[in-house]
Each structure stands twice: as structure tokens, then as C-alpha cells.
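For reference, the structure discussed in these notes is given below.
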Amino acid sequence: MFYLKTEIDGEMYKVEIYDDEIFTTCLLCGNEIQVDAHTIIDVLRNGGDFASTAISCGCNPEKPKLIRIK
């Protein structure tokens, strides 16, 4: 099981996450995108991380789908 852990008002919370529950927003238009396991694997295999990676929904075909921000 994977989960997110955060502290809110001094209390620790854990939220289980599943591969069909991971979302982001398109860096170009702001649309919500569901991120599949293959995309996550691709990001991590190529040295990326969740904070420095942005994804496009394809609204602008001239831009790549995965963009690493540093």
C-alpha cells in the first residue's frame, strides 16, 4: 500500500493512494489530467520527480507531453 502523509493542525493524516487516483493539471491550459502508472514510471526512470515534472494534456501539439522543470 502506498499513501500520502501530511500534518494538519498538529494531527498526522495518512491517505491511501491507488494508481487510478493520481491527477495533475495541464501546464498549458489547466485541465485536470489523470496520470497513469506508465507515465509515473517514465518520469522516475528518466530522473524526474513529482515536484519538477509538468504534464501537458496535448492541447498544444508543439509541446512535449512531459516537461521537466528545474
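Residue numbers start at 1 in each chain; chains themselves are named A, B, ... in the order of the C-alpha cells; ligands are numbered from 1 in the order shown.
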
Inset, instruction - For A:Leu27, please output as a list in words all residues within 9 Å (counting only C-alpha atoms; exclusion window: fewer than 5 positions along the same chain). - result: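 Here the answer would be Ala54, Ile55, Ser56, Cys57 and Ile67 of chain A.
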
Would you save the residues of that selection, restricted to N, CA, C and O atoms, as a PDB file, in the first residue's frame?
```pdb
ATOM      1  N   ALA A  54       6.039  18.547 -15.133  1.00  0.00           N
ATOM      2  CA  ALA A  54       4.734  19.070 -15.530  1.00  0.00           C
ATOM      3  C   ALA A  54       4.276  18.279 -16.747  1.00  0.00           C
ATOM      4  O   ALA A  54       5.087  17.827 -17.544  1.00  0.00           O
ATOM      5  N   ILE A  55       2.980  18.116 -16.882  1.00  0.00           N
ATOM      6  CA  ILE A  55       2.420  17.312 -17.968  1.00  0.00           C
ATOM      7  C   ILE A  55       1.421  18.142 -18.755  1.00  0.00           C
ATOM      8  O   ILE A  55       0.631  18.878 -18.186  1.00  0.00           O
ATOM      9  N   SER A  56       1.468  17.991 -20.064  1.00  0.00           N
ATOM     10  CA  SER A  56       0.507  18.642 -20.949  1.00  0.00           C
ATOM     11  C   SER A  56      -0.552  17.615 -21.356  1.00  0.00           C
ATOM     12  O   SER A  56      -0.240  16.444 -21.571  1.00  0.00           O
ATOM     13  N   CYS A  57      -1.790  18.064 -21.487  1.00  0.00           N
ATOM     14  CA  CYS A  57      -2.876  17.172 -21.895  1.00  0.00           C
ATOM     15  C   CYS A  57      -2.895  16.960 -23.405  1.00  0.00           C
ATOM     16  O   CYS A  57      -3.695  16.195 -23.920  1.00  0.00           O
ATOM     17  N   ILE A  67       7.309  17.531 -19.321  1.00  0.00           N
ATOM     18  CA  ILE A  67       8.283  18.617 -19.286  1.00  0.00           C
ATOM     19  C   ILE A  67       8.893  18.639 -17.901  1.00  0.00           C
ATOM     20  O   ILE A  67       8.179  18.690 -16.897  1.00  0.00           O
TER      21      ILE A  67
END
```

Inset, instruction - Please report, as a VMD selection string, each residue of chain A to which DSSP assigns alpha helix (DSSP H) when run on this structure's backbone. - result: chain A and resid 37 to 45

Inset, instruction - May I have the residues within 12 Å of A:His38 as JSON, numbers by chain, using only C-alpha atoms and disregarding those fewer than 6 positions away in the same chain? - result: {"A": [19, 20, 22, 44, 45]}

Inset, instruction - Please provide the set of residues having any atom within 12 Å of A:Thr24, restricted to only C-alpha atoms, with same-chain residues fewer than 5 positions apart removed, written as a ChimeraX atom specification. - result: /A:29-36,39-40,50-51,53-57,66

Can I get the selection written as a short mmCIF file (atom, residue, chain, number, x, y, z; two decimals), in the first residue's frame, with all heavy atoms?
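Okay, again.cif is ready:
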```cif
data_model
loop_
_atom_site.label_atom_id
_atom_site.label_comp_id
_atom_site.auth_asym_id
_atom_site.auth_seq_id
_atom_site.Cartn_x
_atom_site.Cartn_y
_atom_site.Cartn_z
N CYS A 29 -3.08 24.55 -20.19
CA CYS A 29 -4.47 25.03 -20.16
C CYS A 29 -5.16 24.85 -18.80
O CYS A 29 -6.25 25.37 -18.60
CB CYS A 29 -5.29 24.32 -21.24
SG CYS A 29 -5.58 22.56 -20.92
N GLY A 30 -4.54 24.09 -17.87
CA GLY A 30 -5.11 23.92 -16.54
C GLY A 30 -6.12 22.80 -16.41
O GLY A 30 -6.67 22.60 -15.32
N ASN A 31 -6.40 22.06 -17.49
CA ASN A 31 -7.34 20.94 -17.40
C ASN A 31 -6.78 19.86 -16.47
O ASN A 31 -5.59 19.62 -16.44
CB ASN A 31 -7.57 20.31 -18.78
CG ASN A 31 -8.49 21.11 -19.64
OD1 ASN A 31 -9.30 21.88 -19.16
ND2 ASN A 31 -8.35 20.95 -20.94
N GLU A 32 -7.68 19.21 -15.73
CA GLU A 32 -7.27 18.11 -14.87
C GLU A 32 -7.00 16.87 -15.72
O GLU A 32 -7.75 16.55 -16.63
CB GLU A 32 -8.38 17.80 -13.86
CG GLU A 32 -7.96 16.75 -12.85
CD GLU A 32 -8.99 16.53 -11.79
OE1 GLU A 32 -10.02 15.87 -12.09
OE2 GLU A 32 -8.79 17.02 -10.67
N ILE A 33 -5.87 16.19 -15.43
CA ILE A 33 -5.44 15.02 -16.18
C ILE A 33 -5.23 13.88 -15.20
O ILE A 33 -4.57 14.05 -14.18
CB ILE A 33 -4.09 15.26 -16.89
CG1 ILE A 33 -4.10 16.52 -17.73
CG2 ILE A 33 -3.67 14.05 -17.68
CD1 ILE A 33 -2.71 16.97 -18.13
N GLN A 34 -5.76 12.70 -15.52
CA GLN A 34 -5.45 11.52 -14.74
C GLN A 34 -4.09 10.99 -15.22
O GLN A 34 -3.85 10.86 -16.41
CB GLN A 34 -6.51 10.44 -14.90
CG GLN A 34 -6.26 9.25 -14.00
CD GLN A 34 -7.40 8.25 -14.05
OE1 GLN A 34 -8.30 8.35 -14.88
NE2 GLN A 34 -7.37 7.31 -13.14
N VAL A 35 -3.19 10.72 -14.28
CA VAL A 35 -1.85 10.26 -14.61
C VAL A 35 -1.79 8.75 -14.39
O VAL A 35 -2.06 8.27 -13.30
CB VAL A 35 -0.79 10.96 -13.74
CG1 VAL A 35 0.61 10.51 -14.11
CG2 VAL A 35 -0.92 12.47 -13.85
N ASP A 36 -1.45 8.02 -15.45
CA ASP A 36 -1.42 6.57 -15.33
C ASP A 36 -0.05 6.08 -14.82
O ASP A 36 0.92 6.83 -14.77
CB ASP A 36 -1.78 5.89 -16.65
CG ASP A 36 -0.82 6.19 -17.78
OD1 ASP A 36 0.33 6.61 -17.52
OD2 ASP A 36 -1.20 5.98 -18.94
N THR A 39 3.07 6.58 -17.06
CA THR A 39 3.62 7.94 -17.08
C THR A 39 4.49 8.16 -15.85
O THR A 39 5.58 8.72 -15.94
CB THR A 39 2.50 8.99 -17.15
OG1 THR A 39 1.73 8.76 -18.34
CG2 THR A 39 3.06 10.40 -17.17
N ILE A 40 4.03 7.71 -14.70
CA ILE A 40 4.80 7.86 -13.46
C ILE A 40 6.12 7.10 -13.58
O ILE A 40 7.19 7.62 -13.23
CB ILE A 40 3.99 7.39 -12.25
CG1 ILE A 40 2.81 8.33 -12.03
CG2 ILE A 40 4.87 7.31 -11.00
CD1 ILE A 40 1.81 7.84 -11.02
N PHE A 50 8.23 14.25 -8.79
CA PHE A 50 6.88 14.79 -8.87
C PHE A 50 6.86 16.31 -8.82
O PHE A 50 6.01 16.94 -9.44
CB PHE A 50 6.00 14.22 -7.76
CG PHE A 50 5.85 12.72 -7.86
CD1 PHE A 50 6.07 11.92 -6.76
CD2 PHE A 50 5.48 12.12 -9.04
CE1 PHE A 50 5.92 10.54 -6.84
CE2 PHE A 50 5.34 10.75 -9.14
CZ PHE A 50 5.56 9.96 -8.04
N ALA A 51 7.78 16.92 -8.11
CA ALA A 51 7.77 18.37 -7.97
C ALA A 51 8.30 19.09 -9.21
O ALA A 51 7.87 20.21 -9.50
CB ALA A 51 8.59 18.78 -6.75
N THR A 53 8.20 17.96 -12.45
CA THR A 53 7.63 17.46 -13.70
C THR A 53 6.26 18.07 -13.93
O THR A 53 5.43 18.11 -13.03
CB THR A 53 7.52 15.92 -13.66
OG1 THR A 53 8.81 15.37 -13.45
CG2 THR A 53 6.94 15.38 -14.95
N ALA A 54 6.04 18.55 -15.13
CA ALA A 54 4.73 19.07 -15.53
C ALA A 54 4.28 18.28 -16.75
O ALA A 54 5.09 17.83 -17.54
CB ALA A 54 4.83 20.55 -15.86
N ILE A 55 2.98 18.12 -16.88
CA ILE A 55 2.42 17.31 -17.97
C ILE A 55 1.42 18.14 -18.76
O ILE A 55 0.63 18.88 -18.19
CB ILE A 55 1.73 16.05 -17.41
CG1 ILE A 55 2.76 15.20 -16.67
CG2 ILE A 55 1.07 15.25 -18.52
CD1 ILE A 55 2.17 13.99 -15.99
N SER A 56 1.47 17.99 -20.06
CA SER A 56 0.51 18.64 -20.95
C SER A 56 -0.55 17.61 -21.36
O SER A 56 -0.24 16.44 -21.57
CB SER A 56 1.22 19.17 -22.19
OG SER A 56 0.28 19.52 -23.19
N CYS A 57 -1.79 18.06 -21.49
CA CYS A 57 -2.88 17.17 -21.90
C CYS A 57 -2.89 16.96 -23.41
O CYS A 57 -3.69 16.20 -23.92
CB CYS A 57 -4.22 17.71 -21.42
SG CYS A 57 -4.77 19.21 -22.26
N LEU A 66 5.60 15.46 -21.49
CA LEU A 66 6.27 15.56 -20.20
C LEU A 66 7.33 16.63 -20.27
O LEU A 66 8.15 16.63 -21.17
CB LEU A 66 6.95 14.22 -19.84
CG LEU A 66 6.03 13.06 -19.56
CD1 LEU A 66 6.88 11.80 -19.32
CD2 LEU A 66 5.14 13.32 -18.39
#
```

Inset, instruction - Please return as a list of chain:residue names: the residues of chain A that backbone DSSP assigns to strand (DSSP E). - result: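 Listing strand (DSSP E) positions across chain A yields A:Phe2, A:Tyr3, A:Leu4, A:Lys5, A:Thr6, A:Glu7, A:Ile8, A:Glu11, A:Met12, A:Tyr13, A:Lys14, A:Val15, A:Glu16, A:Ile17, A:Phe23, A:Thr24, A:Thr25, A:Glu32, A:Ile33, A:Gln34, A:Thr53, A:Ala54, A:Ile55, A:Leu66, A:Ile67, A:Arg68.
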
Legend entry - Selection: 12 Å around A:Met1, only C-alpha atoms, excl. self and same-chain fewer than 5 positions, as a ChimeraX atom specification: /A:14-19

Legend entry - Between atom CA of A:Thr6 and atom CA of A:Glu21, distance in Å (one decimal): 17.3 Å
